[in-house]
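> One structure is given below, represented as structure tokens, and several questions about it will come after.
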Amino acid sequence: MTTVVIYHSKYGSTKRYAKFIADALGADLKDTEEASKLDFADFEIVVLGAHLMGFAACPPMKKFLKSNKKYLIGKKIAAFLVGGTPPQLIDRNALIEKSFPEEIRRRIGAFAYYRGAMDYSRMSFGDKLVMRIASIVMPDKAKIEKFDAVKKENIKDFVAVVKKL
Ligand SMILES: Cc1cc2nc3c(=O)[nH]c(=O)nc-3n(C[C@H](O)[C@H](O)[C@H](O)COP(=O)(O)O)c2cc1C
């Protein structure tokens with residue numbers, strides 16, 4: 001079965017997960033920009049991966065979904081989201097609802113949430129500002145420290161489910 005992993009990553013952690021998953025599935029790997037030129041007829045399964053902003057998939061992924069909804073509706077869909085929040089604090093249903101349009105949501109047969117990475121020293125001025133404001137509203141120190149929680153072994157369960165779609 002032919003599979004493509006389509007992702008958007010700003011600082012690289014979602015890209016690292018996308019690559020682990022594509023390698024494990026023997027799938028093609030495209031970012032949302034490259035994927036806008038894809039011939040979707042070539043693929044049976046589409047794996048979508050995005051980092052979180054405002055507890056939803058990032059705007060470039062939302063834009064991609066809006067523009068390509070008609071091609072995705074006929075596919076088996078799997079999705080993963082990457083954020084700074086530890087997985088045990090994530091409301092997965094709320095995240096899926098805020099991230100994917102209804103027609104795509106209904107087709108999601110495999111879902112995973114992973115904790116990504118954050119490094120203030122590498123962030124744009126605007127992103128730093130957003131994170132500073134967020135840390136005032138939600139004073140959870142874990143959110144503002146530098147961390148890297150990306151691990152290849154995290155993808156195992158998700159990949160096993162995608163293989164059975
Ligand atoms: C401006 C901004 C907003 C973010 N919003 C959220 C959020 O709402 N929830 C969350 O869990 N993580 C949030 N994060 C953390 C990122 O999702 C996390 O660092 C992720 O690993 C980044 O992925 P990337 O390395 O692929 O860009 C935010 C980060 C930035 C810079």
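Identifiers in this document derive from the order of the structure tokens: chains are assigned A, B, ..., residues are numbered from 1 separately in each chain, and ligands are numbered from 1 in order of occurrence.
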Check the DSSP output for the backbone and give back, as a short mmCIF file (atom, residue, chain, number, x, y, z; two decimals) with N, CA and C atoms, in the first residue's frame, the residues of region 21-159 of chain A in strand (DSSP E or B).

data_model
loop_
_atom_site.label_atom_id
_atom_site.label_comp_id
_atom_site.auth_asym_id
_atom_site.auth_seq_id
_atom_site.Cartn_x
_atom_site.Cartn_y
_atom_site.Cartn_z
N ASP A 28 6.62 7.87 1.42
CA ASP A 28 7.19 9.14 0.95
C ASP A 28 7.03 10.18 2.04
N LEU A 29 7.90 11.19 2.01
CA LEU A 29 7.87 12.24 3.03
C LEU A 29 7.84 13.60 2.34
N LYS A 30 6.82 14.41 2.65
CA LYS A 30 6.71 15.74 2.01
C LYS A 30 6.28 16.76 3.05
N ASP A 31 6.85 17.98 2.98
CA ASP A 31 6.27 19.02 3.83
C ASP A 31 5.05 19.58 3.11
N ILE A 45 -2.86 5.81 1.57
CA ILE A 45 -2.88 6.28 2.96
C ILE A 45 -2.12 7.60 3.06
N VAL A 46 -2.71 8.56 3.74
CA VAL A 46 -2.04 9.84 3.98
C VAL A 46 -1.88 10.02 5.48
N VAL A 47 -0.63 10.22 5.92
CA VAL A 47 -0.34 10.49 7.33
C VAL A 47 -0.06 11.99 7.45
N LEU A 48 -0.83 12.67 8.29
CA LEU A 48 -0.69 14.12 8.46
C LEU A 48 -0.02 14.41 9.79
N GLY A 49 1.00 15.28 9.79
CA GLY A 49 1.69 15.61 11.04
C GLY A 49 1.87 17.10 11.19
N ALA A 50 1.50 17.65 12.35
CA ALA A 50 1.62 19.10 12.54
C ALA A 50 2.01 19.40 13.98
N HIS A 51 2.69 20.54 14.16
CA HIS A 51 2.95 20.98 15.54
C HIS A 51 1.78 21.84 16.01
N LEU A 52 1.68 21.99 17.32
CA LEU A 52 0.55 22.74 17.89
C LEU A 52 0.85 24.21 18.01
N ALA A 57 -3.74 22.15 15.38
CA ALA A 57 -2.71 22.02 14.34
C ALA A 57 -2.32 23.42 13.86
N LYS A 76 -7.42 6.84 3.24
CA LYS A 76 -7.32 6.44 4.65
C LYS A 76 -6.38 7.46 5.30
N ILE A 77 -6.79 8.00 6.42
CA ILE A 77 -6.00 9.08 7.04
C ILE A 77 -5.49 8.64 8.41
N ALA A 78 -4.24 9.00 8.68
CA ALA A 78 -3.67 8.88 10.02
C ALA A 78 -3.10 10.25 10.36
N ALA A 79 -3.07 10.59 11.65
CA ALA A 79 -2.59 11.93 12.00
C ALA A 79 -1.80 11.90 13.29
N PHE A 80 -0.78 12.75 13.36
CA PHE A 80 -0.08 12.94 14.63
C PHE A 80 0.16 14.43 14.85
N LEU A 81 0.08 14.82 16.11
CA LEU A 81 0.31 16.21 16.50
C LEU A 81 1.44 16.26 17.51
N VAL A 82 2.19 17.35 17.46
CA VAL A 82 3.38 17.49 18.31
C VAL A 82 3.28 18.83 19.04
N GLY A 83 3.38 18.77 20.36
CA GLY A 83 3.28 20.00 21.14
C GLY A 83 4.23 20.01 22.32
N ILE A 108 -9.98 9.60 10.14
CA ILE A 108 -8.73 9.34 10.88
C ILE A 108 -8.81 7.97 11.57
N GLY A 109 -8.00 7.04 11.08
CA GLY A 109 -8.02 5.67 11.64
C GLY A 109 -6.88 5.43 12.61
N ALA A 110 -5.96 6.36 12.71
CA ALA A 110 -4.85 6.23 13.67
C ALA A 110 -4.47 7.64 14.10
N PHE A 111 -4.26 7.82 15.41
CA PHE A 111 -3.89 9.16 15.90
C PHE A 111 -2.84 9.03 17.00
N ALA A 112 -1.90 9.98 17.00
CA ALA A 112 -0.92 10.03 18.09
C ALA A 112 -0.62 11.48 18.44
N TYR A 113 -0.34 11.69 19.72
CA TYR A 113 0.16 13.00 20.16
C TYR A 113 1.54 12.75 20.77
N TYR A 114 2.52 13.57 20.40
CA TYR A 114 3.87 13.45 20.95
C TYR A 114 4.32 14.78 21.55
N ARG A 115 5.09 14.69 22.60
CA ARG A 115 5.74 15.91 23.09
C ARG A 115 6.96 16.17 22.22
N ALA A 117 9.75 19.52 21.18
CA ALA A 117 10.93 20.16 21.75
C ALA A 117 10.71 21.67 21.76
N MET A 118 11.43 22.34 22.62
CA MET A 118 11.35 23.79 22.65
C MET A 118 12.68 24.35 23.12
N PHE A 147 13.63 21.95 26.36
CA PHE A 147 13.52 20.50 26.47
C PHE A 147 13.50 19.89 25.06
N ASP A 148 13.82 18.60 25.00
CA ASP A 148 13.72 17.86 23.75
C ASP A 148 13.23 16.46 24.09
#
> Taking the DSSP assignment computed from this structure's backbone, write out as a PyMOL selection string all residues of region 7-161 of chain A that belong to alpha helix (DSSP H).
chain A and resi 13-25+32-35+59-72+92-99+102-105+125-137+141-144+156-161
> Kindly work out which residues sit at most 8 Å from ligand 1, using only C-alpha atoms and all ligand atoms, and give the list as a ChimeraX atom specification.
/A:8-16,50-56,82-86,90,115-119,123-124,126-131
> Have a look at A:Ala149, A:Ser121, A:Ile104, A:Phe20 and name the one nearest to Asn68 (chain A); count only C-alpha atoms.
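Result for the nearest residue to Asn68 (chain A): A:Ile104.
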> Can you tell me how far CA of Lys63 (chain A) sits from CA of Ile21 (chain A), in Å to one decimal?
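Computing it gives 22.5 Å between the two atoms.
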> So, with only C-alpha atoms as the atoms that count, which of A:Asp42, A:Asp157, A:Glu97, A:Glu34 lies closest to Tyr7 (chain A)?
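Of A:Asp42, A:Asp157, A:Glu97, A:Glu34, the one nearest Tyr7 (chain A), counting only C-alpha atoms, is A:Glu34.
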> To one decimal place, how far is CA of Gly74 (chain A) from CA of Ala18 (chain A) in Å?
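Calculated distance between CA of Gly74 (chain A) and CA of Ala18 (chain A) is 21.9 Å.
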